[in-house]
>>> print(open('model-v3.cif').read())   # mmCIF, C-alpha atoms
data_coords
#
loop_
_atom_site.group_PDB
_atom_site.id
_atom_site.type_symbol
_atom_site.label_atom_id
_atom_site.label_comp_id
_atom_site.auth_asym_id
_atom_site.auth_seq_id
_atom_site.Cartn_x
_atom_site.Cartn_y
_atom_site.Cartn_z
ATOM 1 C CA MET A 26 6.623 24.988 2.704
ATOM 2 C CA ARG A 27 7.689 22.402 5.285
ATOM 3 C CA ALA A 28 9.609 19.482 3.828
ATOM 4 C CA VAL A 29 10.836 16.231 5.346
ATOM 5 C CA ALA A 30 13.146 13.620 3.835
ATOM 6 C CA LEU A 31 13.523 10.115 5.292
ATOM 7 C CA GLY A 32 16.278 7.559 4.812
ATOM 8 C CA GLY A 33 20.048 7.650 4.902
ATOM 9 C CA GLY A 34 23.218 7.755 2.862
ATOM 10 C CA HIS A 35 24.067 9.783 -0.222
ATOM 11 C CA GLY A 36 20.590 9.382 -1.719
ATOM 12 C CA LEU A 37 19.006 11.210 1.190
ATOM 13 C CA ALA A 38 21.538 14.011 0.742
ATOM 14 C CA ALA A 39 20.424 14.591 -2.860
ATOM 15 C CA SER A 40 16.781 14.882 -1.823
ATOM 16 C CA LEU A 41 17.670 17.230 1.026
ATOM 17 C CA GLN A 42 19.745 19.497 -1.208
ATOM 18 C CA ALA A 43 16.817 19.736 -3.613
ATOM 19 C CA LEU A 44 14.290 20.452 -0.870
ATOM 20 C CA ARG A 45 16.474 23.197 0.629
ATOM 21 C CA THR A 46 15.989 25.274 -2.524
ATOM 22 C CA ILE A 47 12.178 25.095 -2.527
ATOM 23 C CA ALA A 48 11.170 24.782 1.148
ATOM 24 C CA ASP A 49 11.222 27.228 4.053
ATOM 25 C CA ARG A 50 11.852 24.465 6.613
ATOM 26 C CA VAL A 51 13.686 21.210 5.875
ATOM 27 C CA THR A 52 14.063 18.247 8.219
ATOM 28 C CA ALA A 53 16.050 15.074 7.671
ATOM 29 C CA ILE A 54 14.875 11.982 9.548
ATOM 30 C CA VAL A 55 17.600 9.349 9.537
ATOM 31 C CA GLY A 56 17.589 5.647 10.287
ATOM 32 C CA VAL A 57 19.311 4.189 13.347
ATOM 33 C CA ALA A 58 19.255 0.434 12.616
ATOM 34 C CA ASP A 59 22.606 0.007 10.836
ATOM 35 C CA ASN A 60 24.823 -2.713 12.353
ATOM 36 C CA GLY A 61 27.802 -2.598 10.014
ATOM 37 C CA GLY A 62 31.129 -0.798 9.960
ATOM 38 C CA SER A 63 31.971 1.811 12.573
ATOM 39 C CA SER A 64 28.336 2.083 13.713
ATOM 40 C CA GLY A 65 28.126 -1.652 14.280
ATOM 41 C CA ARG A 66 31.338 -1.709 16.326
ATOM 42 C CA LEU A 67 30.070 1.098 18.551
ATOM 43 C CA ARG A 68 26.807 -0.756 19.053
ATOM 44 C CA GLU A 69 28.697 -3.869 20.085
ATOM 45 C CA PHE A 70 30.630 -1.792 22.605
ATOM 46 C CA TRP A 71 27.504 -0.075 23.960
ATOM 47 C CA HIS A 72 24.282 -1.979 23.281
ATOM 48 C CA ASP A 73 22.088 1.046 24.079
ATOM 49 C CA CYS A 74 23.667 3.039 21.231
ATOM 50 C CA PRO A 75 21.545 3.683 18.132
ATOM 51 C CA ALA A 76 23.409 3.566 14.827
ATOM 52 C CA LEU A 77 25.225 6.836 14.178
ATOM 53 C CA GLY A 78 26.513 6.490 10.616
ATOM 54 C CA ASP A 79 23.499 7.771 8.657
ATOM 55 C CA ALA A 80 23.133 10.758 10.965
ATOM 56 C CA ARG A 81 26.827 11.638 10.624
ATOM 57 C CA LEU A 82 26.808 11.284 6.848
ATOM 58 C CA THR A 83 23.648 13.366 6.526
ATOM 59 C CA ILE A 84 25.170 16.240 8.491
ATOM 60 C CA SER A 85 28.399 15.978 6.466
ATOM 61 C CA ASN A 86 26.516 16.106 3.184
ATOM 62 C CA LEU A 87 24.428 19.065 4.326
ATOM 63 C CA LEU A 88 27.573 20.941 5.353
ATOM 64 C CA GLY A 89 29.083 20.337 1.912
ATOM 65 C CA GLU A 90 32.358 18.909 0.675
ATOM 66 C CA TYR A 91 34.262 22.163 1.249
ATOM 67 C CA SER A 92 33.318 22.365 4.921
ATOM 68 C CA GLN A 93 36.244 21.718 7.251
ATOM 69 C CA LEU A 94 33.866 20.233 9.820
ATOM 70 C CA ALA A 95 32.431 17.832 7.213
ATOM 71 C CA GLN A 96 35.943 16.699 6.319
ATOM 72 C CA LEU A 97 36.668 16.046 9.996
ATOM 73 C CA LEU A 98 33.412 14.120 10.457
ATOM 74 C CA GLU A 99 34.273 11.851 7.524
ATOM 75 C CA TYR A 100 37.905 11.222 8.507
ATOM 76 C CA ARG A 101 38.551 7.534 9.270
ATOM 77 C CA PHE A 102 41.308 6.347 11.548
ATOM 78 C CA GLN A 103 43.910 4.202 9.802
ATOM 79 C CA THR A 104 45.765 2.421 12.600
ATOM 80 C CA GLY A 105 45.317 0.914 16.030
ATOM 81 C CA GLU A 106 42.101 0.047 17.828
ATOM 82 C CA LEU A 107 40.279 2.955 16.192
ATOM 83 C CA ALA A 108 41.127 1.854 12.631
ATOM 84 C CA GLY A 109 38.019 2.096 10.445
ATOM 85 C CA HIS A 110 36.084 4.326 12.819
ATOM 86 C CA ALA A 111 34.763 7.597 11.420
ATOM 87 C CA LEU A 112 35.753 10.552 13.583
ATOM 88 C CA GLY A 113 32.199 11.887 13.250
ATOM 89 C CA ASN A 114 30.766 8.718 14.758
ATOM 90 C CA LEU A 115 33.054 9.069 17.771
ATOM 91 C CA MET A 116 32.089 12.732 18.117
ATOM 92 C CA LEU A 117 28.408 11.804 18.070
ATOM 93 C CA PHE A 118 29.088 8.981 20.501
ATOM 94 C CA GLY A 119 30.647 11.478 22.908
ATOM 95 C CA LEU A 120 27.825 13.977 22.435
ATOM 96 C CA LEU A 121 25.298 11.210 22.982
ATOM 97 C CA GLU A 122 26.969 10.316 26.272
ATOM 98 C CA LYS A 123 27.071 14.013 27.229
ATOM 99 C CA THR A 124 23.482 14.921 26.295
ATOM 100 C CA GLY A 125 21.701 11.629 26.944
ATOM 101 C CA SER A 126 19.932 11.290 23.585
ATOM 102 C CA LEU A 127 20.819 11.135 19.910
ATOM 103 C CA ASP A 128 18.464 13.955 18.927
ATOM 104 C CA ALA A 129 20.157 16.263 21.473
ATOM 105 C CA ALA A 130 23.591 15.190 20.206
ATOM 106 C CA LEU A 131 22.575 15.947 16.602
ATOM 107 C CA LYS A 132 21.211 19.320 17.659
ATOM 108 C CA GLU A 133 24.575 20.259 19.184
ATOM 109 C CA LEU A 134 26.551 19.051 16.173
ATOM 110 C CA SER A 135 24.204 20.832 13.747
ATOM 111 C CA LYS A 136 24.543 24.052 15.760
ATOM 112 C CA LEU A 137 28.324 23.745 15.621
ATOM 113 C CA GLY A 138 28.135 23.505 11.832
ATOM 114 C CA GLY A 139 25.565 26.300 11.468
ATOM 115 C CA LEU A 140 23.143 24.069 9.563
ATOM 116 C CA ASP A 141 19.955 25.585 8.187
ATOM 117 C CA ALA A 142 18.289 22.154 8.076
ATOM 118 C CA ARG A 143 17.209 20.000 11.007
ATOM 119 C CA VAL A 144 18.515 16.445 11.428
ATOM 120 C CA LEU A 145 16.516 14.064 13.633
ATOM 121 C CA PRO A 146 16.889 10.357 14.339
ATOM 122 C CA VAL A 147 13.826 8.281 13.560
ATOM 123 C CA SER A 148 14.220 7.010 17.123
ATOM 124 C CA ASN A 149 16.492 7.609 20.077
ATOM 125 C CA ALA A 150 16.373 3.883 20.801
ATOM 126 C CA PRO A 151 18.805 1.252 19.423
ATOM 127 C CA LEU A 152 16.585 -0.278 16.742
ATOM 128 C CA GLU A 153 17.354 -3.469 14.809
ATOM 129 C CA LEU A 154 16.179 -4.503 11.347
ATOM 130 C CA HIS A 155 14.750 -8.007 10.981
ATOM 131 C CA GLY A 156 13.529 -9.842 7.907
ATOM 132 C CA VAL A 157 12.671 -13.104 6.239
ATOM 133 C CA ASP A 158 13.670 -14.438 2.819
ATOM 134 C CA SER A 159 11.703 -16.434 0.237
ATOM 135 C CA ALA A 160 12.788 -19.712 1.834
ATOM 136 C CA GLY A 161 11.485 -18.615 5.218
ATOM 137 C CA HIS A 162 14.906 -18.064 6.747
ATOM 138 C CA SER A 163 15.192 -15.348 9.388
ATOM 139 C CA LEU A 164 17.428 -12.364 8.695
ATOM 140 C CA VAL A 165 18.744 -10.474 11.700
ATOM 141 C CA GLY A 166 20.421 -7.119 11.283
ATOM 142 C CA GLN A 167 20.826 -4.703 8.410
ATOM 143 C CA LEU A 168 23.842 -6.528 6.970
ATOM 144 C CA GLU A 169 22.021 -9.875 6.650
ATOM 145 C CA VAL A 170 19.018 -8.172 5.066
ATOM 146 C CA HIS A 171 21.186 -6.240 2.618
ATOM 147 C CA TRP A 172 23.093 -9.270 1.346
ATOM 148 C CA SER A 173 20.070 -11.535 0.997
ATOM 149 C CA PRO A 174 18.993 -11.866 -2.671
ATOM 150 C CA SER A 175 15.415 -12.846 -1.803
ATOM 151 C CA VAL A 176 14.052 -10.625 0.971
ATOM 152 C CA THR A 177 10.270 -10.862 1.238
ATOM 153 C CA ARG A 178 9.512 -8.869 4.386
ATOM 154 C CA VAL A 179 11.264 -6.702 6.944
ATOM 155 C CA TRP A 180 10.302 -5.173 10.264
ATOM 156 C CA ILE A 181 11.839 -3.260 13.141
ATOM 157 C CA GLU A 182 12.474 -4.478 16.674
ATOM 158 C CA PRO A 183 11.976 -3.644 19.478
ATOM 159 C CA GLN A 184 8.605 -1.889 19.340
ATOM 160 C CA VAL A 185 9.564 1.010 21.546
ATOM 161 C CA PRO A 186 7.426 4.164 21.900
ATOM 162 C CA PRO A 187 7.570 6.433 18.844
ATOM 163 C CA PHE A 188 9.930 9.391 18.838
ATOM 164 C CA GLU A 189 7.216 12.036 18.878
ATOM 165 C CA MET A 190 9.424 14.851 17.567
ATOM 166 C CA ALA A 191 10.102 12.934 14.334
ATOM 167 C CA VAL A 192 6.481 11.830 14.063
ATOM 168 C CA ALA A 193 5.288 15.438 14.422
ATOM 169 C CA GLU A 194 7.615 16.601 11.642
ATOM 170 C CA VAL A 195 6.030 14.104 9.245
ATOM 171 C CA ILE A 196 2.476 14.860 10.344
ATOM 172 C CA ASN A 197 2.940 18.624 9.926
ATOM 173 C CA ALA A 198 4.911 18.531 6.667
ATOM 174 C CA ASP A 199 3.699 19.703 3.276
ATOM 175 C CA VAL A 200 5.890 17.243 1.398
ATOM 176 C CA VAL A 201 7.640 14.085 2.593
ATOM 177 C CA VAL A 202 10.309 12.434 0.444
ATOM 178 C CA LEU A 203 11.380 8.801 0.778
ATOM 179 C CA GLY A 204 14.723 7.899 -0.751
ATOM 180 C CA PRO A 205 16.463 7.367 -2.980
ATOM 181 C CA GLY A 206 18.373 4.574 -1.304
ATOM 182 C CA SER A 207 18.375 0.874 -0.534
ATOM 183 C CA LEU A 208 14.751 -0.263 -0.371
ATOM 184 C CA TYR A 209 14.902 -2.537 2.663
ATOM 185 C CA THR A 210 17.931 -1.329 4.580
ATOM 186 C CA SER A 211 17.482 2.421 4.145
ATOM 187 C CA VAL A 212 13.963 3.442 3.096
ATOM 188 C CA LEU A 213 11.938 0.778 4.913
ATOM 189 C CA ALA A 214 14.385 0.568 7.818
ATOM 190 C CA THR A 215 13.425 4.192 8.493
ATOM 191 C CA ALA A 216 9.784 4.210 7.412
ATOM 192 C CA LEU A 217 8.910 1.172 9.562
ATOM 193 C CA ALA A 218 10.380 2.589 12.776
ATOM 194 C CA PRO A 219 7.868 2.817 15.639
ATOM 195 C CA GLY A 220 5.164 5.369 14.840
ATOM 196 C CA MET A 221 6.580 6.348 11.466
ATOM 197 C CA ALA A 222 4.432 4.171 9.188
ATOM 198 C CA GLN A 223 1.305 5.506 10.895
ATOM 199 C CA ALA A 224 2.581 9.067 10.564
ATOM 200 C CA LEU A 225 3.166 8.561 6.843
ATOM 201 C CA SER A 226 -0.411 7.299 6.563
ATOM 202 C CA ASP A 227 -1.931 10.122 8.623
ATOM 203 C CA THR A 228 -0.013 13.075 7.208
ATOM 204 C CA ARG A 229 -1.672 15.463 4.771
ATOM 205 C CA ALA A 230 1.671 15.955 3.077
ATOM 206 C CA VAL A 231 2.364 14.759 -0.438
ATOM 207 C CA VAL A 232 4.472 11.626 0.095
ATOM 208 C CA VAL A 233 6.969 11.206 -2.750
ATOM 209 C CA PHE A 234 9.139 8.155 -3.350
ATOM 210 C CA VAL A 235 12.310 8.671 -5.399
ATOM 211 C CA ALA A 236 13.161 5.524 -7.348
ATOM 212 C CA ASN A 237 16.781 4.422 -7.634
ATOM 213 C CA LEU A 238 18.593 4.923 -10.909
ATOM 214 C CA ALA A 239 19.322 1.189 -11.225
ATOM 215 C CA PRO A 240 18.692 -2.075 -9.345
ATOM 216 C CA GLN A 241 20.943 -2.429 -6.320
ATOM 217 C CA GLU A 242 23.392 -5.153 -5.505
ATOM 218 C CA ALA A 243 21.921 -8.051 -3.544
ATOM 219 C CA GLU A 244 18.685 -6.980 -1.887
ATOM 220 C CA THR A 245 16.854 -5.587 -4.968
ATOM 221 C CA ARG A 246 19.032 -6.685 -7.879
ATOM 222 C CA HIS A 247 16.030 -7.981 -9.879
ATOM 223 C CA TYR A 248 13.550 -5.228 -8.975
ATOM 224 C CA ASP A 249 12.052 -2.792 -11.437
ATOM 225 C CA THR A 250 10.164 0.307 -10.274
ATOM 226 C CA ASP A 251 6.770 -1.445 -10.168
ATOM 227 C CA ARG A 252 8.100 -4.243 -7.980
ATOM 228 C CA THR A 253 9.762 -1.722 -5.689
ATOM 229 C CA ILE A 254 6.523 0.221 -5.233
ATOM 230 C CA LEU A 255 4.566 -2.975 -4.582
ATOM 231 C CA ALA A 256 7.096 -3.929 -1.907
ATOM 232 C CA LEU A 257 6.519 -0.554 -0.237
ATOM 233 C CA VAL A 258 2.757 -1.006 -0.394
ATOM 234 C CA ASP A 259 3.030 -4.560 0.973
ATOM 235 C CA HIS A 260 4.757 -3.073 4.010
ATOM 236 C CA GLY A 261 2.019 -0.480 4.493
ATOM 237 C CA ILE A 262 3.957 2.439 3.018
ATOM 238 C CA VAL A 263 1.791 3.965 0.282
ATOM 239 C CA PRO A 264 3.286 7.060 -1.386
ATOM 240 C CA ASP A 265 1.193 9.536 -3.335
ATOM 241 C CA ALA A 266 3.745 9.838 -6.103
ATOM 242 C CA VAL A 267 6.914 8.244 -7.422
ATOM 243 C CA VAL A 268 9.557 10.025 -9.475
ATOM 244 C CA VAL A 269 11.526 7.899 -11.912
ATOM 245 C CA HIS A 270 14.602 8.754 -13.942
ATOM 246 C CA LYS A 271 14.075 8.703 -17.690
ATOM 247 C CA SER A 272 16.448 10.322 -20.158
ATOM 248 C CA VAL A 273 13.529 11.738 -22.103
ATOM 249 C CA GLU A 274 11.215 14.713 -21.741
ATOM 250 C CA ALA A 275 9.374 14.605 -18.419
ATOM 251 C CA ARG A 276 5.842 13.283 -18.351
ATOM 252 C CA SER A 277 3.418 12.236 -15.651
ATOM 253 C CA MET A 278 0.646 9.718 -15.404
ATOM 254 C CA ALA A 279 -1.527 8.021 -12.846
ATOM 255 C CA THR A 280 -1.065 4.292 -12.556
ATOM 256 C CA ASP A 281 -2.851 1.501 -10.708
ATOM 257 C CA LEU A 282 -0.344 -1.005 -9.347
ATOM 258 C CA GLY A 283 -2.071 -4.290 -8.740
ATOM 259 C CA GLY A 284 -5.281 -2.608 -7.677
ATOM 260 C CA ARG A 285 -3.668 -1.657 -4.367
ATOM 261 C CA ALA A 286 -2.549 1.904 -4.860
ATOM 262 C CA ARG A 287 -3.216 4.631 -7.404
ATOM 263 C CA LEU A 288 -0.036 6.615 -7.751
ATOM 264 C CA LEU A 289 1.126 9.598 -9.679
ATOM 265 C CA VAL A 290 4.201 8.540 -11.647
ATOM 266 C CA TRP A 291 6.481 11.355 -12.782
ATOM 267 C CA GLU A 292 9.085 10.339 -15.331
ATOM 268 C CA GLY A 293 11.903 12.584 -16.427
ATOM 269 C CA PRO A 294 15.638 13.235 -16.146
ATOM 270 C CA LEU A 295 16.885 12.944 -12.563
ATOM 271 C CA SER A 296 20.589 12.339 -13.153
ATOM 272 C CA GLU A 297 23.257 13.951 -15.281
ATOM 273 C CA ASP A 298 25.730 11.067 -15.146
ATOM 274 C CA GLY A 299 23.484 8.038 -14.582
ATOM 275 C CA LEU A 300 25.247 7.344 -11.297
ATOM 276 C CA ARG A 301 23.769 9.795 -8.800
ATOM 277 C CA HIS A 302 20.588 11.819 -8.550
ATOM 278 C CA SER A 303 21.042 15.484 -9.371
ATOM 279 C CA PRO A 304 19.588 17.868 -6.748
ATOM 280 C CA SER A 305 18.796 20.467 -9.429
ATOM 281 C CA LEU A 306 16.849 17.906 -11.475
ATOM 282 C CA LEU A 307 15.066 16.640 -8.361
ATOM 283 C CA VAL A 308 13.886 20.201 -7.732
ATOM 284 C CA ASN A 309 12.047 20.116 -11.050
ATOM 285 C CA ALA A 310 10.483 16.739 -10.217
ATOM 286 C CA PHE A 311 9.373 17.739 -6.707
ATOM 287 C CA THR A 312 7.933 21.042 -7.923
ATOM 288 C CA SER A 313 6.046 19.367 -10.756
ATOM 289 C CA VAL A 314 4.627 16.663 -8.494
ATOM 290 C CA ALA A 315 3.485 19.205 -5.905
ATOM 291 C CA LYS A 316 1.672 21.248 -8.560
ATOM 292 C CA ILE A 317 -0.012 18.167 -10.044
ATOM 293 C CA GLU A 318 -1.100 16.903 -6.617
ATOM 294 C CA GLN A 319 -2.654 20.280 -5.785
ATOM 295 C CA ARG A 320 -4.859 19.988 -8.885
ATOM 296 C CA ARG A 321 -5.946 16.410 -8.199
#
>>> encode(input="model-v3.cif", output="structure tokens")
Amino acid sequence: MRAVALGGGHGLAASLQALRTIADRVTAIVGVADNGGSSGRLREFWHDCPALGDARLTISNLLGEYSQLAQLLEYRFQTGELAGHALGNLMLFGLLEKTGSLDAALKELSKLGGLDARVLPVSNAPLELHGVDSAGHSLVGQLEVHWSPSVTRVWIEPQVPPFEMAVAEVINADVVVLGPGSLYTSVLATALAPGMAQALSDTRAVVVFVANLAPQEAETRHYDTDRTILALVDHGIVPDAVVVHKSVEARSMATDLGGRARLLVWEGPLSEDGLRHSPSLLVNAFTSVAKIEQRR
């Protein structure tokens, strides 16, 4: 089975760890629109630089907490002009300058770590997240979108050519997982990259959205699962199934959300501590969804 997971951060890592146990080929496709922290400072220094933080963190999480390389990638400088920078971001920055593209830089870093999973950027271009809130105010950059309590729509600029390698991975996958993670600044920031929304529509893969365990600060603080799914659909991202954490025996049902999408909703335990998704529990959810979808 060929599996792809899209997004960024620790949520993506949980999905990837689950997929690695049930798939023969696993690919992570990470967002490049972040403009905060170390990534944002590097982008200010070199405007042609895509955001590096999600890619670095994904490789670190795949390597595992006991990996010496992962520990080096996550080390942050404490003093001087480099204070706050992650060493892994600077390594990727150097590899990007050496190889000429982020996907080539990630390939070299993954080879150095002996990864059995592939990590691709959703684009080699320096993308930027834009949005608008309920009052019609423009939101520019991932930070402004994240801290707005009333985001209504987001999109990606500029509309550069799609990164065909990432598009092909989605098209040829058997299962594609979105999330978990911040709805607008992680999931949609990746899914709306040039060519990706169309790939998610055209793929024959089962597209699974993993709902967050709880509403997130700022951008989706008042969202329940239904509202989250409707926001995805409003942006043209229509998953085949959604898996939702419930501390009860797993069950599944088909649901019609506003007449716009008929989804398989799988409900069951996805976390052992209520704070983070458990890869072992996600395995059960992904396997169950795949079996149900095959019978539909």
>>> residues_around(input="model-v3.cif", residues="range 224-236 of chain A", least_positions_apart="4", cutoff="9 Å", atoms="only C-alpha atoms", output="ChimeraX atom specification")
/A:28,40,192-193,195-206,216,220,250,253-254,261-270,307,311,314-315,318
>>> closest_residue(input="model-v3.cif", among="A:Ala239, A:Leu127, A:Ser63, A:Leu164", to="Phe102 in chain A", atoms="only C-alpha atoms")
A:Ser63
>>> closest_residue(input="model-v3.cif", among="A:Leu87, A:Val258, A:Leu300, A:Val185", to="Asp141 in chain A", atoms="only C-alpha atoms")
A:Leu87
>>> resolve_selection(input="model-v3.cif", expression="the PyMOL selection byres ((chain A and resi 158) around 12)", output="PyMOL selection string")
chain A and resi 155-157+159-165+169-179+209+244
>>> axis_aligned_box(input="model-v3.cif", around="range 190-201 of chain A", padding_each_side="3 Å", output="AutoDock Vina command-line options")
--center_x 6.3 --center_y 15.8 --center_z 9.5 --size_x 13.6 --size_y 13.9 --size_z 22.2
